[in-house]
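Source file: run-v2.cif; contents: mmCIF, C-alpha atoms and all ligand atoms.
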data_model
loop_
_atom_site.group_PDB
_atom_site.id
_atom_site.type_symbol
_atom_site.label_atom_id
_atom_site.label_comp_id
_atom_site.auth_asym_id
_atom_site.auth_seq_id
_atom_site.Cartn_x
_atom_site.Cartn_y
_atom_site.Cartn_z
ATOM 1 C CA MET A 11 -27.680 14.072 -15.901
ATOM 2 C CA LYS A 12 -24.812 15.370 -13.820
ATOM 3 C CA VAL A 13 -22.033 13.085 -12.576
ATOM 4 C CA LEU A 14 -19.884 14.511 -9.792
ATOM 5 C CA VAL A 15 -16.368 13.221 -9.102
ATOM 6 C CA ALA A 16 -15.617 14.224 -5.503
ATOM 7 C CA THR A 17 -12.141 13.253 -4.344
ATOM 8 C CA VAL A 18 -10.170 14.580 -1.382
ATOM 9 C CA LYS A 19 -7.335 12.526 -2.893
ATOM 10 C CA PRO A 20 -7.712 13.209 -6.642
ATOM 11 C CA PHE A 21 -7.300 10.683 -9.422
ATOM 12 C CA ALA A 22 -4.352 11.086 -11.806
ATOM 13 C CA LYS A 23 -5.257 13.515 -14.616
ATOM 14 C CA VAL A 24 -5.175 10.737 -17.211
ATOM 15 C CA ALA A 25 -7.861 8.892 -15.209
ATOM 16 C CA VAL A 26 -10.058 12.008 -14.963
ATOM 17 C CA ASP A 27 -9.749 12.412 -18.752
ATOM 18 C CA GLY A 28 -10.905 8.805 -19.194
ATOM 19 C CA ILE A 29 -13.815 9.275 -16.786
ATOM 20 C CA ARG A 30 -14.843 12.456 -18.598
ATOM 21 C CA LYS A 31 -14.865 10.665 -21.954
ATOM 22 C CA VAL A 32 -17.119 7.857 -20.701
ATOM 23 C CA ILE A 33 -19.519 10.308 -19.050
ATOM 24 C CA GLU A 34 -19.658 12.779 -21.953
ATOM 25 C CA ASP A 35 -19.950 10.027 -24.591
ATOM 26 C CA ALA A 36 -23.041 8.913 -22.701
ATOM 27 C CA GLY A 37 -24.459 12.436 -23.039
ATOM 28 C CA TYR A 38 -23.968 13.360 -19.386
ATOM 29 C CA GLU A 39 -22.180 16.276 -17.738
ATOM 30 C CA LEU A 40 -19.092 15.821 -15.539
ATOM 31 C CA ALA A 41 -18.423 18.018 -12.506
ATOM 32 C CA LEU A 42 -15.194 17.860 -10.499
ATOM 33 C CA LEU A 43 -14.612 18.575 -6.824
ATOM 34 C CA GLU A 44 -10.974 17.722 -6.100
ATOM 35 C CA ASN A 45 -8.751 18.336 -3.087
ATOM 36 C CA TYR A 46 -11.665 19.661 -1.033
ATOM 37 C CA THR A 47 -10.997 20.171 2.654
ATOM 38 C CA GLU A 48 -14.423 21.218 3.948
ATOM 39 C CA LYS A 49 -17.426 18.929 4.109
ATOM 40 C CA SER A 50 -19.588 21.948 3.269
ATOM 41 C CA ASP A 51 -17.965 21.982 -0.208
ATOM 42 C CA LEU A 52 -19.100 18.410 -0.780
ATOM 43 C CA LEU A 53 -22.608 19.171 0.530
ATOM 44 C CA LYS A 54 -22.873 22.069 -1.902
ATOM 45 C CA ALA A 55 -21.474 20.089 -4.857
ATOM 46 C CA VAL A 56 -23.791 17.070 -4.434
ATOM 47 C CA ALA A 57 -26.958 19.207 -4.338
ATOM 48 C CA ASP A 58 -27.669 18.804 -8.065
ATOM 49 C CA ALA A 59 -25.689 15.606 -8.791
ATOM 50 C CA ASP A 60 -27.476 12.540 -10.187
ATOM 51 C CA ALA A 61 -24.428 10.310 -9.700
ATOM 52 C CA LEU A 62 -21.312 10.461 -7.577
ATOM 53 C CA ILE A 63 -17.842 8.930 -7.964
ATOM 54 C CA ILE A 64 -15.694 8.909 -4.819
ATOM 55 C CA ARG A 65 -12.593 7.276 -3.361
ATOM 56 C CA SER A 66 -12.191 7.168 0.458
ATOM 57 C CA ASP A 67 -14.412 10.234 0.760
ATOM 58 C CA ILE A 68 -16.947 10.064 3.580
ATOM 59 C CA VAL A 69 -20.504 9.835 2.310
ATOM 60 C CA ASP A 70 -22.768 9.888 5.357
ATOM 61 C CA ALA A 71 -26.416 10.689 6.102
ATOM 62 C CA GLU A 72 -25.752 14.428 5.862
ATOM 63 C CA VAL A 73 -24.398 14.003 2.328
ATOM 64 C CA PHE A 74 -27.389 11.871 1.287
ATOM 65 C CA ASP A 75 -29.761 14.471 2.800
ATOM 66 C CA ALA A 76 -28.073 17.190 0.764
ATOM 67 C CA ALA A 77 -28.064 15.158 -2.482
ATOM 68 C CA LYS A 78 -31.727 15.372 -3.416
ATOM 69 C CA LYS A 79 -31.278 14.080 -6.986
ATOM 70 C CA LEU A 80 -28.682 11.396 -6.249
ATOM 71 C CA LYS A 81 -29.375 7.951 -7.694
ATOM 72 C CA ILE A 82 -26.015 6.188 -7.496
ATOM 73 C CA VAL A 83 -22.668 6.426 -5.662
ATOM 74 C CA VAL A 84 -19.709 4.448 -6.946
ATOM 75 C CA ARG A 85 -16.723 4.053 -4.707
ATOM 76 C CA ALA A 86 -13.854 3.764 -7.207
ATOM 77 C CA GLY A 87 -12.017 1.119 -5.237
ATOM 78 C CA ALA A 88 -12.652 -1.894 -3.047
ATOM 79 C CA GLY A 89 -13.493 -0.824 0.526
ATOM 80 C CA TYR A 90 -16.804 0.991 0.995
ATOM 81 C CA ASP A 91 -16.708 1.414 4.773
ATOM 82 C CA ASN A 92 -16.689 5.185 4.078
ATOM 83 C CA VAL A 93 -20.273 5.075 2.766
ATOM 84 C CA ASP A 94 -23.297 4.917 5.080
ATOM 85 C CA LEU A 95 -25.126 2.078 3.340
ATOM 86 C CA LYS A 96 -28.213 2.256 5.577
ATOM 87 C CA SER A 97 -28.674 5.903 4.788
ATOM 88 C CA ALA A 98 -28.081 5.254 1.070
ATOM 89 C CA THR A 99 -30.786 2.590 1.049
ATOM 90 C CA ALA A 100 -33.148 4.816 3.032
ATOM 91 C CA HIS A 101 -32.635 7.523 0.394
ATOM 92 C CA GLY A 102 -33.118 5.035 -2.453
ATOM 93 C CA VAL A 103 -29.519 5.433 -3.645
ATOM 94 C CA CYS A 104 -27.613 2.525 -5.179
ATOM 95 C CA VAL A 105 -24.036 2.089 -3.886
ATOM 96 C CA MET A 106 -21.386 0.169 -5.810
ATOM 97 C CA ASN A 107 -17.664 -0.455 -5.599
ATOM 98 C CA THR A 108 -15.240 -1.482 -8.356
ATOM 99 C CA PRO A 109 -13.728 -4.689 -6.980
ATOM 100 C CA GLY A 110 -10.337 -5.764 -8.278
ATOM 101 C CA GLN A 111 -9.613 -2.621 -10.273
ATOM 102 C CA ASN A 112 -6.836 -1.361 -7.990
ATOM 103 C CA ALA A 113 -5.830 -4.759 -6.569
ATOM 104 C CA ASN A 114 -2.475 -5.086 -8.340
ATOM 105 C CA ALA A 115 -1.385 -1.622 -7.197
ATOM 106 C CA VAL A 116 -2.098 -2.494 -3.565
ATOM 107 C CA ALA A 117 -0.440 -5.898 -3.908
ATOM 108 C CA GLU A 118 2.724 -4.366 -5.365
ATOM 109 C CA ILE A 119 3.101 -1.871 -2.540
ATOM 110 C CA VAL A 120 3.006 -4.749 -0.037
ATOM 111 C CA PHE A 121 6.332 -5.926 -1.450
ATOM 112 C CA GLY A 122 7.793 -2.446 -1.192
ATOM 113 C CA PHE A 123 6.827 -2.492 2.473
ATOM 114 C CA MET A 124 8.234 -5.983 3.020
ATOM 115 C CA LEU A 125 11.565 -5.167 1.403
ATOM 116 C CA ASN A 126 11.709 -1.949 3.387
ATOM 117 C CA ALA A 127 11.221 -3.918 6.604
ATOM 118 C CA VAL A 128 13.666 -6.745 5.911
ATOM 119 C CA ARG A 129 16.356 -4.293 4.752
ATOM 120 C CA ASN A 130 15.959 -2.386 8.017
ATOM 121 C CA PHE A 131 14.543 0.681 6.308
ATOM 122 C CA TYR A 132 17.785 1.132 4.342
ATOM 123 C CA LYS A 133 19.604 2.488 7.352
ATOM 124 C CA GLY A 134 22.700 0.347 6.769
ATOM 125 C CA ALA A 135 22.218 -2.747 8.963
ATOM 126 C CA SER A 136 22.315 -6.159 7.283
ATOM 127 C CA GLY A 137 18.837 -7.566 6.720
ATOM 128 C CA CYS A 138 17.388 -10.737 5.250
ATOM 129 C CA GLU A 139 15.836 -11.892 1.977
ATOM 130 C CA LEU A 140 12.254 -12.767 1.143
ATOM 131 C CA MET A 141 13.140 -15.949 -0.772
ATOM 132 C CA GLY A 142 12.221 -19.088 1.137
ATOM 133 C CA LYS A 143 10.340 -17.170 3.861
ATOM 134 C CA LYS A 144 6.759 -17.932 4.798
ATOM 135 C CA LEU A 145 4.116 -15.353 3.969
ATOM 136 C CA GLY A 146 0.587 -15.558 5.374
ATOM 137 C CA ILE A 147 -2.169 -13.736 3.508
ATOM 138 C CA HIS A 148 -5.094 -12.868 5.769
ATOM 139 C CA ALA A 149 -8.144 -12.727 3.482
ATOM 140 C CA PHE A 150 -7.904 -14.070 -0.053
ATOM 141 C CA GLY A 151 -9.822 -11.505 -2.106
ATOM 142 C CA ASN A 152 -8.591 -9.631 -5.158
ATOM 143 C CA VAL A 153 -5.615 -8.041 -3.385
ATOM 144 C CA GLY A 154 -4.682 -11.200 -1.479
ATOM 145 C CA ARG A 155 -4.634 -13.197 -4.708
ATOM 146 C CA ASN A 156 -2.336 -10.688 -6.389
ATOM 147 C CA VAL A 157 -0.046 -10.734 -3.353
ATOM 148 C CA ALA A 158 0.140 -14.535 -3.647
ATOM 149 C CA ARG A 159 1.023 -14.309 -7.350
ATOM 150 C CA ILE A 160 3.858 -11.835 -6.760
ATOM 151 C CA ALA A 161 5.136 -13.648 -3.649
ATOM 152 C CA LYS A 162 5.750 -16.757 -5.716
ATOM 153 C CA GLY A 163 8.035 -14.707 -7.962
ATOM 154 C CA PHE A 164 10.066 -13.824 -4.887
ATOM 155 C CA GLY A 165 10.300 -17.538 -4.039
ATOM 156 C CA MET A 166 8.266 -17.178 -0.852
ATOM 157 C CA GLU A 167 6.245 -20.023 0.649
ATOM 158 C CA VAL A 168 2.694 -18.689 0.538
ATOM 159 C CA TYR A 169 -0.156 -19.448 2.953
ATOM 160 C CA ALA A 170 -3.629 -17.930 3.048
ATOM 161 C CA TYR A 171 -6.611 -17.907 5.333
ATOM 162 C CA ASP A 172 -10.037 -16.541 4.485
ATOM 163 C CA ALA A 173 -13.115 -17.317 6.565
ATOM 164 C CA TYR A 174 -15.310 -16.849 3.466
ATOM 165 C CA CYS A 175 -13.197 -18.400 0.720
ATOM 166 C CA PRO A 176 -13.264 -22.185 0.212
ATOM 167 C CA LYS A 177 -9.928 -23.947 0.723
ATOM 168 C CA GLU A 178 -10.163 -25.387 -2.802
ATOM 169 C CA VAL A 179 -10.005 -21.884 -4.279
ATOM 170 C CA ILE A 180 -6.888 -21.086 -2.256
ATOM 171 C CA GLU A 181 -5.274 -24.391 -3.185
ATOM 172 C CA ALA A 182 -6.129 -23.906 -6.863
ATOM 173 C CA ALA A 183 -4.016 -20.730 -6.727
ATOM 174 C CA GLY A 184 -1.062 -22.851 -5.583
ATOM 175 C CA VAL A 185 -1.244 -21.470 -2.044
ATOM 176 C CA HIS A 186 -1.060 -23.487 1.200
ATOM 177 C CA THR A 187 -4.177 -23.584 3.356
ATOM 178 C CA VAL A 188 -4.335 -23.838 7.159
ATOM 179 C CA ASP A 189 -6.912 -25.328 9.513
ATOM 180 C CA SER A 190 -7.199 -22.189 11.610
ATOM 181 C CA ILE A 191 -6.200 -18.565 11.503
ATOM 182 C CA LYS A 192 -3.975 -19.120 14.545
ATOM 183 C CA GLU A 193 -2.075 -21.815 12.680
ATOM 184 C CA MET A 194 -1.236 -19.315 9.911
ATOM 185 C CA TYR A 195 0.049 -16.679 12.349
ATOM 186 C CA LYS A 196 2.087 -19.353 14.153
ATOM 187 C CA THR A 197 3.603 -20.530 10.860
ATOM 188 C CA CYS A 198 4.383 -17.297 9.020
ATOM 189 C CA GLN A 199 7.127 -14.749 9.665
ATOM 190 C CA PHE A 200 5.327 -12.322 7.305
ATOM 191 C CA ILE A 201 1.612 -11.580 7.526
ATOM 192 C CA SER A 202 -0.139 -9.349 4.995
ATOM 193 C CA LEU A 203 -3.638 -8.124 5.920
ATOM 194 C CA HIS A 204 -6.384 -7.771 3.310
ATOM 195 C CA LEU A 205 -9.566 -7.730 5.379
ATOM 196 C CA PRO A 206 -12.339 -5.168 4.924
ATOM 197 C CA ALA A 207 -13.320 -3.031 7.932
ATOM 198 C CA THR A 208 -16.569 -4.498 9.250
ATOM 199 C CA ASP A 209 -18.124 -5.043 12.692
ATOM 200 C CA GLU A 210 -16.537 -8.475 12.580
ATOM 201 C CA THR A 211 -13.002 -7.334 11.762
ATOM 202 C CA ARG A 212 -12.579 -4.089 13.740
ATOM 203 C CA ASN A 213 -9.774 -4.579 16.314
ATOM 204 C CA LEU A 214 -9.409 -8.205 15.198
ATOM 205 C CA ILE A 215 -5.637 -8.118 14.716
ATOM 206 C CA GLY A 216 -4.151 -7.990 18.194
ATOM 207 C CA ARG A 217 -2.123 -9.955 20.708
ATOM 208 C CA ASP A 218 -4.045 -13.235 20.190
ATOM 209 C CA LEU A 219 -2.809 -13.466 16.612
ATOM 210 C CA VAL A 220 0.301 -11.311 16.208
ATOM 211 C CA GLY A 221 1.714 -12.697 19.471
ATOM 212 C CA LEU A 222 1.871 -16.121 17.803
ATOM 213 C CA MET A 223 4.139 -15.017 14.954
ATOM 214 C CA PRO A 224 7.661 -16.464 14.880
ATOM 215 C CA LYS A 225 10.875 -14.525 15.565
ATOM 216 C CA GLY A 226 11.599 -11.727 13.098
ATOM 217 C CA ALA A 227 7.869 -11.171 12.514
ATOM 218 C CA VAL A 228 6.732 -8.511 10.043
ATOM 219 C CA LEU A 229 3.087 -7.391 10.033
ATOM 220 C CA ILE A 230 1.958 -5.488 6.937
ATOM 221 C CA ASN A 231 -1.379 -3.696 6.935
ATOM 222 C CA SER A 232 -2.398 -2.337 3.556
ATOM 223 C CA ALA A 233 -6.082 -2.656 4.462
ATOM 224 C CA ARG A 234 -7.916 -0.410 6.981
ATOM 225 C CA LYS A 235 -6.277 0.833 10.193
ATOM 226 C CA GLU A 236 -9.449 -0.030 12.137
ATOM 227 C CA ILE A 237 -8.759 -3.779 11.895
ATOM 228 C CA ILE A 238 -5.694 -3.416 14.160
ATOM 229 C CA ASN A 239 -6.021 -3.467 17.942
ATOM 230 C CA GLU A 240 -3.422 -0.727 18.322
ATOM 231 C CA GLU A 241 -3.085 -0.824 22.108
ATOM 232 C CA GLU A 242 -2.391 -4.573 22.044
ATOM 233 C CA LEU A 243 0.045 -4.243 19.145
ATOM 234 C CA LEU A 244 1.909 -1.423 20.889
ATOM 235 C CA GLN A 245 2.216 -3.510 24.037
ATOM 236 C CA LEU A 246 3.446 -6.469 22.009
ATOM 237 C CA MET A 247 6.039 -4.334 20.203
ATOM 238 C CA LYS A 248 7.244 -3.172 23.605
ATOM 239 C CA GLU A 249 7.697 -6.783 24.700
ATOM 240 C CA ARG A 250 9.099 -8.127 21.410
ATOM 241 C CA GLU A 251 11.993 -6.226 19.914
ATOM 242 C CA ASP A 252 11.967 -8.452 16.828
ATOM 243 C CA LEU A 253 8.472 -7.422 15.682
ATOM 244 C CA LYS A 254 8.053 -4.916 12.820
ATOM 245 C CA PHE A 255 4.841 -3.190 11.732
ATOM 246 C CA ILE A 256 4.199 -1.394 8.435
ATOM 247 C CA SER A 257 0.917 0.347 7.786
ATOM 248 C CA ASP A 258 -0.441 1.969 4.633
ATOM 249 C CA ILE A 259 -1.965 5.014 6.366
ATOM 250 C CA ALA A 260 -0.932 6.173 9.816
ATOM 251 C CA PRO A 261 -2.590 4.310 12.699
ATOM 252 C CA ALA A 262 -4.619 6.335 15.220
ATOM 253 C CA ALA A 263 -1.767 5.936 17.711
ATOM 254 C CA ALA A 264 0.926 6.855 15.155
ATOM 255 C CA CYS A 265 2.821 9.043 17.644
ATOM 256 C CA LYS A 266 3.058 6.203 20.153
ATOM 257 C CA PHE A 267 4.410 3.768 17.545
ATOM 258 C CA GLU A 268 6.870 6.387 16.345
ATOM 259 C CA GLU A 269 8.097 7.036 19.856
ATOM 260 C CA LEU A 270 8.267 3.399 20.943
ATOM 261 C CA CYS A 271 9.910 1.806 17.911
ATOM 262 C CA PRO A 272 11.029 4.222 15.187
ATOM 263 C CA ASP A 273 13.281 1.519 13.708
ATOM 264 C CA ARG A 274 10.579 -1.145 13.522
ATOM 265 C CA TYR A 275 7.583 0.842 12.381
ATOM 266 C CA PHE A 276 6.651 2.734 9.219
ATOM 267 C CA ALA A 277 3.395 4.304 8.057
ATOM 268 C CA THR A 278 2.489 6.223 4.926
ATOM 269 C CA PRO A 279 1.126 9.714 5.672
ATOM 270 C CA LYS A 280 -1.877 9.066 3.429
ATOM 271 C CA LYS A 281 -3.110 5.827 1.935
ATOM 272 C CA MET A 282 -0.787 5.045 -0.980
ATOM 273 C CA GLY A 283 -1.706 1.492 -2.061
ATOM 274 C CA ALA A 284 -3.994 2.523 -4.907
ATOM 275 C CA GLU A 285 -1.999 5.610 -5.865
ATOM 276 C CA THR A 286 -0.896 4.580 -9.329
ATOM 277 C CA ALA A 287 -2.010 5.909 -12.700
ATOM 278 C CA GLU A 288 -3.065 2.394 -13.685
ATOM 279 C CA ALA A 289 -5.217 1.844 -10.594
ATOM 280 C CA ASN A 290 -6.764 5.321 -10.939
ATOM 281 C CA ILE A 291 -7.571 4.660 -14.601
ATOM 282 C CA ASN A 292 -8.949 1.160 -13.957
ATOM 283 C CA ALA A 293 -11.078 2.085 -10.940
ATOM 284 C CA GLY A 294 -12.157 5.521 -12.195
ATOM 285 C CA ILE A 295 -13.221 4.372 -15.644
ATOM 286 C CA ALA A 296 -14.928 1.276 -14.222
ATOM 287 C CA ALA A 297 -16.872 3.597 -11.889
ATOM 288 C CA ALA A 298 -17.912 5.823 -14.809
ATOM 289 C CA LYS A 299 -19.000 2.822 -16.898
ATOM 290 C CA GLN A 300 -20.967 1.366 -13.975
ATOM 291 C CA ILE A 301 -22.816 4.682 -13.613
ATOM 292 C CA VAL A 302 -23.691 4.767 -17.313
ATOM 293 C CA GLY A 303 -24.803 1.112 -17.175
ATOM 294 C CA PHE A 304 -26.978 1.828 -14.156
ATOM 295 C CA LEU A 305 -28.557 5.035 -15.442
ATOM 296 C CA LYS A 306 -29.134 3.782 -18.989
ATOM 297 C CA GLU A 307 -29.897 0.087 -18.453
ATOM 298 C CA GLY A 308 -30.560 -0.364 -14.739
ATOM 299 C CA CYS A 309 -27.499 -2.613 -14.433
ATOM 300 C CA THR A 310 -26.810 -3.300 -10.733
ATOM 301 C CA THR A 311 -23.726 -5.544 -10.919
ATOM 302 C CA PHE A 312 -21.408 -4.600 -8.005
ATOM 303 C CA MET A 313 -24.252 -3.017 -5.996
ATOM 304 C CA VAL A 314 -23.371 -3.455 -2.316
ATOM 305 C CA ASN A 315 -26.563 -2.238 -0.606
ATOM 306 C CA ARG A 316 -29.117 -4.713 -1.886
HETATM 307 C C1 LIG A 401 -9.592 0.669 -1.641
HETATM 308 O O1 LIG A 401 -10.376 0.389 -0.735
HETATM 309 O O2 LIG A 401 -9.878 0.506 -2.841
HETATM 310 C C2 LIG A 401 -8.192 1.126 -1.318
HETATM 311 O O3 LIG A 401 -8.018 1.244 0.042
HETATM 312 C C3 LIG A 401 -7.810 2.420 -2.020
HETATM 313 O O4 LIG A 401 -8.442 3.542 -1.478
HETATM 314 P P1 LIG A 401 -8.229 4.989 -2.123
HETATM 315 O O5 LIG A 401 -8.935 5.011 -3.431
HETATM 316 O O6 LIG A 401 -8.860 5.914 -1.148
HETATM 317 O O7 LIG A 401 -6.773 5.213 -2.272
#
Any chance you could put this one into structure tokens?
Ligand code: 3PG
Amino acid sequence: MKVLVATVKPFAKVAVDGIRKVIEDAGYELALLENYTEKSDLLKAVADADALIIRSDIVDAEVFDAAKKLKIVVRAGAGYDNVDLKSATAHGVCVMNTPGQNANAVAEIVFGFMLNAVRNFYKGASGCELMGKKLGIHAFGNVGRNVARIAKGFGMEVYAYDAYCPKEVIEAAGVHTVDSIKEMYKTCQFISLHLPATDETRNLIGRDLVGLMPKGAVLINSARKEIINEEELLQLMKEREDLKFISDIAPAAACKFEELCPDRYFATPKKMGAETAEANINAGIAAAKQIVGFLKEGCTTFMVNR
């Protein structure tokens, strides 16, 4: 059996070593396709792969067509909007993610972004502190829960809203609940987004919500850029000179944000949230173990295309 690791954004070497050990101990062969720039390289590499480990790499119908022997794809990470699930199912391929494995890394970077924003990007102007400020966590999954844990260490007042998570779960984590999403945006100076990109969430974060945030508002998006209604946010940032926006990965309209408000906007050139050795090791090795469990024992825990 051949397991291909195909990553435009490679794992840390220590993680690849760990993946290799799991795969080879199981008696399988590991192939690596790192830093590829052409889709044709991926199409060629998947041709004889039985299993595939990816990160944000696009796995669409063309890839499934080319991967005649493929049985399983594991997205080493949380969001699997980069995989065409319908096509996977049509080709009889199991798709999994590795939920929670990189959650702490993403949660930690949120605080780097927040400090960056409140200290005015370290350009010399006096800023403010996080202690005592209200933070709203939009979606209380693995990352949101880690953000809540760390925020308490900063002495922040933490709120969360999640359409799919019972209030009792949020309250049990010592986090305030709200009756509506609008109430959270109205209450919190800081909002941290942790929603997946789905038909329901694309363009969801726009004027209706961000416009409600109090003075000195800071919007942090460490999730997918697609959940932001960029035109509405740009317009709002034009109208409100107090509003700051930090994004982990440049928005589609990055140039417009840069031009309009260079002092109130920051984006990472590539997605950096999960770029730690620990997250790479956790997610990469979990992916390798899930592949071995699936191929040897038919284990389908974490399958997302049932
Ligand atoms: C995820 O969905 O797990 C994060 O966005 C990290 O993505 P990455 O592995 O492409 O950095």
I need the residue nearest A:Ala117 from this list: A:Val32, A:Ala289, A:Asp218, A:Asn130. Use only C-alpha atoms for the distance.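 Going through A:Val32, A:Ala289, A:Asp218, A:Asn130 one by one, the smallest distance to A:Ala117 is for A:Ala289.
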Sorted by chain and rising residue number, list the residues of chain A at most 9 Å from ligand LIG 401 (chain A) (counting all atoms listed in the file), each with its closest atom pair and distance in Å to one decimal, as a tab-separated table.
residue	atom	partner	partner_atom	distance
A:Thr17	CA	A:LIG401	O6	8.7
A:Val18	CA	A:LIG401	O6	8.8
A:Lys19	CA	A:LIG401	O6	7.0
A:Pro20	CA	A:LIG401	O5	8.9
A:Phe21	CA	A:LIG401	O5	8.4
A:Ile64	CA	A:LIG401	O5	7.9
A:Arg65	CA	A:LIG401	O5	4.3
A:Ser66	CA	A:LIG401	O6	3.9
A:Asp67	CA	A:LIG401	O6	7.3
A:Arg85	CA	A:LIG401	O2	7.9
A:Ala86	CA	A:LIG401	O5	6.3
A:Gly87	CA	A:LIG401	O2	3.3
A:Ala88	CA	A:LIG401	O2	3.7
A:Gly89	CA	A:LIG401	O1	3.6
A:Tyr90	CA	A:LIG401	O1	6.7
A:Asp91	CA	A:LIG401	O1	8.5
A:Asn107	CA	A:LIG401	O2	8.3
A:Thr108	CA	A:LIG401	O2	7.9
A:Pro109	CA	A:LIG401	O2	7.7
A:Gly110	CA	A:LIG401	O2	8.3
A:Gln111	CA	A:LIG401	O2	8.1
A:Asn112	CA	A:LIG401	O2	6.3
A:Ala113	CA	A:LIG401	O2	7.6
A:Val116	CA	A:LIG401	C2	7.4
A:Pro206	CA	A:LIG401	O1	8.2
A:Ser232	CA	A:LIG401	O3	7.5
A:Ala233	CA	A:LIG401	O3	6.2
A:Arg234	CA	A:LIG401	O3	7.1
A:Asp258	CA	A:LIG401	O3	8.9
A:Lys280	CA	A:LIG401	O7	8.4
A:Lys281	CA	A:LIG401	O7	5.6
A:Met282	CA	A:LIG401	O7	6.1
A:Gly283	CA	A:LIG401	C3	6.2
A:Ala284	CA	A:LIG401	O7	4.7
A:Glu285	CA	A:LIG401	O7	6.0
A:Ala289	CA	A:LIG401	O5	8.7
A:Asn290	CA	A:LIG401	O5	7.8
A:Ala293	CA	A:LIG401	O2	8.3
Enumerate, as a ChimeraX atom specification, the residues matched when the PyMOL selection byres (((chain A and resi 278) around 12) and not hetatm) is run on the file above. /A:119,122-123,230-232,235,255-261,264,275-277,279-283,285
Identify the residues around (-11.7, 18.1, -8.9) within a radius of 7 Å, measuring from only C-alpha atoms in the coordinates stated by the file, and give them as a list in words.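 Nearby residues: Val15, Ala16, Thr17, Pro20, Leu42, Leu43, Glu44 and Asn45 of chain A.
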Any idea what's packed within 12 Å of A:Ala36, counting only C-alpha atoms, ignoring anything in its chain fewer than 6 positions away? Could you give it as a PyMOL selection string? chain A and resi 11-13+29-30+298-307
For atom CA of A:Pro224 and atom CA of A:Gly154, the interatomic separation in Å (one decimal): 21.2 Å
Just so the selection is clear, what residues does the PyMOL selection byres (((chain A and resi 195) around 12) and not hetatm) cover here, as a PyMOL selection string? chain A and resi 144-148+169-171+188-194+196-203+215-225+227-229
Generate the output file for the selected residues, C-alpha atoms, as a PDB file, in the coordinates of the input.
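Listing of selection29.pdb after writing:
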ATOM      1  CA  LYS A 144       6.759 -17.932   4.798  1.00  0.00           C
ATOM      2  CA  LEU A 145       4.116 -15.353   3.969  1.00  0.00           C
ATOM      3  CA  GLY A 146       0.587 -15.558   5.374  1.00  0.00           C
ATOM      4  CA  ILE A 147      -2.169 -13.736   3.508  1.00  0.00           C
ATOM      5  CA  HIS A 148      -5.094 -12.868   5.769  1.00  0.00           C
ATOM      6  CA  TYR A 169      -0.156 -19.448   2.953  1.00  0.00           C
ATOM      7  CA  ALA A 170      -3.629 -17.930   3.048  1.00  0.00           C
ATOM      8  CA  TYR A 171      -6.611 -17.907   5.333  1.00  0.00           C
ATOM      9  CA  VAL A 188      -4.335 -23.838   7.159  1.00  0.00           C
ATOM     10  CA  ASP A 189      -6.912 -25.328   9.513  1.00  0.00           C
ATOM     11  CA  SER A 190      -7.199 -22.189  11.610  1.00  0.00           C
ATOM     12  CA  ILE A 191      -6.200 -18.565  11.503  1.00  0.00           C
ATOM     13  CA  LYS A 192      -3.975 -19.120  14.545  1.00  0.00           C
ATOM     14  CA  GLU A 193      -2.075 -21.815  12.680  1.00  0.00           C
ATOM     15  CA  MET A 194      -1.236 -19.315   9.911  1.00  0.00           C
ATOM     16  CA  LYS A 196       2.087 -19.353  14.153  1.00  0.00           C
ATOM     17  CA  THR A 197       3.603 -20.530  10.860  1.00  0.00           C
ATOM     18  CA  CYS A 198       4.383 -17.297   9.020  1.00  0.00           C
ATOM     19  CA  GLN A 199       7.127 -14.749   9.665  1.00  0.00           C
ATOM     20  CA  PHE A 200       5.327 -12.322   7.305  1.00  0.00           C
ATOM     21  CA  ILE A 201       1.612 -11.580   7.526  1.00  0.00           C
ATOM     22  CA  SER A 202      -0.139  -9.349   4.995  1.00  0.00           C
ATOM     23  CA  LEU A 203      -3.638  -8.124   5.920  1.00  0.00           C
ATOM     24  CA  ILE A 215      -5.637  -8.118  14.716  1.00  0.00           C
ATOM     25  CA  GLY A 216      -4.151  -7.990  18.194  1.00  0.00           C
ATOM     26  CA  ARG A 217      -2.123  -9.955  20.708  1.00  0.00           C
ATOM     27  CA  ASP A 218      -4.045 -13.235  20.190  1.00  0.00           C
ATOM     28  CA  LEU A 219      -2.809 -13.466  16.612  1.00  0.00           C
ATOM     29  CA  VAL A 220       0.301 -11.311  16.208  1.00  0.00           C
ATOM     30  CA  GLY A 221       1.714 -12.697  19.471  1.00  0.00           C
ATOM     31  CA  LEU A 222       1.871 -16.121  17.803  1.00  0.00           C
ATOM     32  CA  MET A 223       4.139 -15.017  14.954  1.00  0.00           C
ATOM     33  CA  PRO A 224       7.661 -16.464  14.880  1.00  0.00           C
ATOM     34  CA  LYS A 225      10.875 -14.525  15.565  1.00  0.00           C
ATOM     35  CA  ALA A 227       7.869 -11.171  12.514  1.00  0.00           C
ATOM     36  CA  VAL A 228       6.732  -8.511  10.043  1.00  0.00           C
ATOM     37  CA  LEU A 229       3.087  -7.391  10.033  1.00  0.00           C
TER      38      LEU A 229
END
One number please: atom CA of A:Leu80 to atom CA of A:Ala61, in Å, one decimal.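 Here the two named atoms are 5.6 Å from each other.
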Apply the PyMOL selection byres (((chain A and resi 142) around 9) and not hetatm) to the displayed file and report the matching residues as a ChimeraX atom specification. /A:139-141,143-144,164-167
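Counting all atoms listed in the file, the residue from A:Asn213, A:Asn114, A:Thr286, A:Asn239 that sits nearest to A:Gly151 is A:Asn114.
For A:Asn315, the non-local neighbours within 12 Å, defined as residues at least 5 positions apart in the same chain or in other chains and counting all atoms listed in the file, are Ile82, Val83, Val84, Tyr90, Asp91, Val93, Asp94, Leu95, Lys96, Ser97, Ala98, Thr99, Ala100, His101, Gly102, Val103, Cys104, Val105, Met106, Asn107 and Thr310 of chain A.
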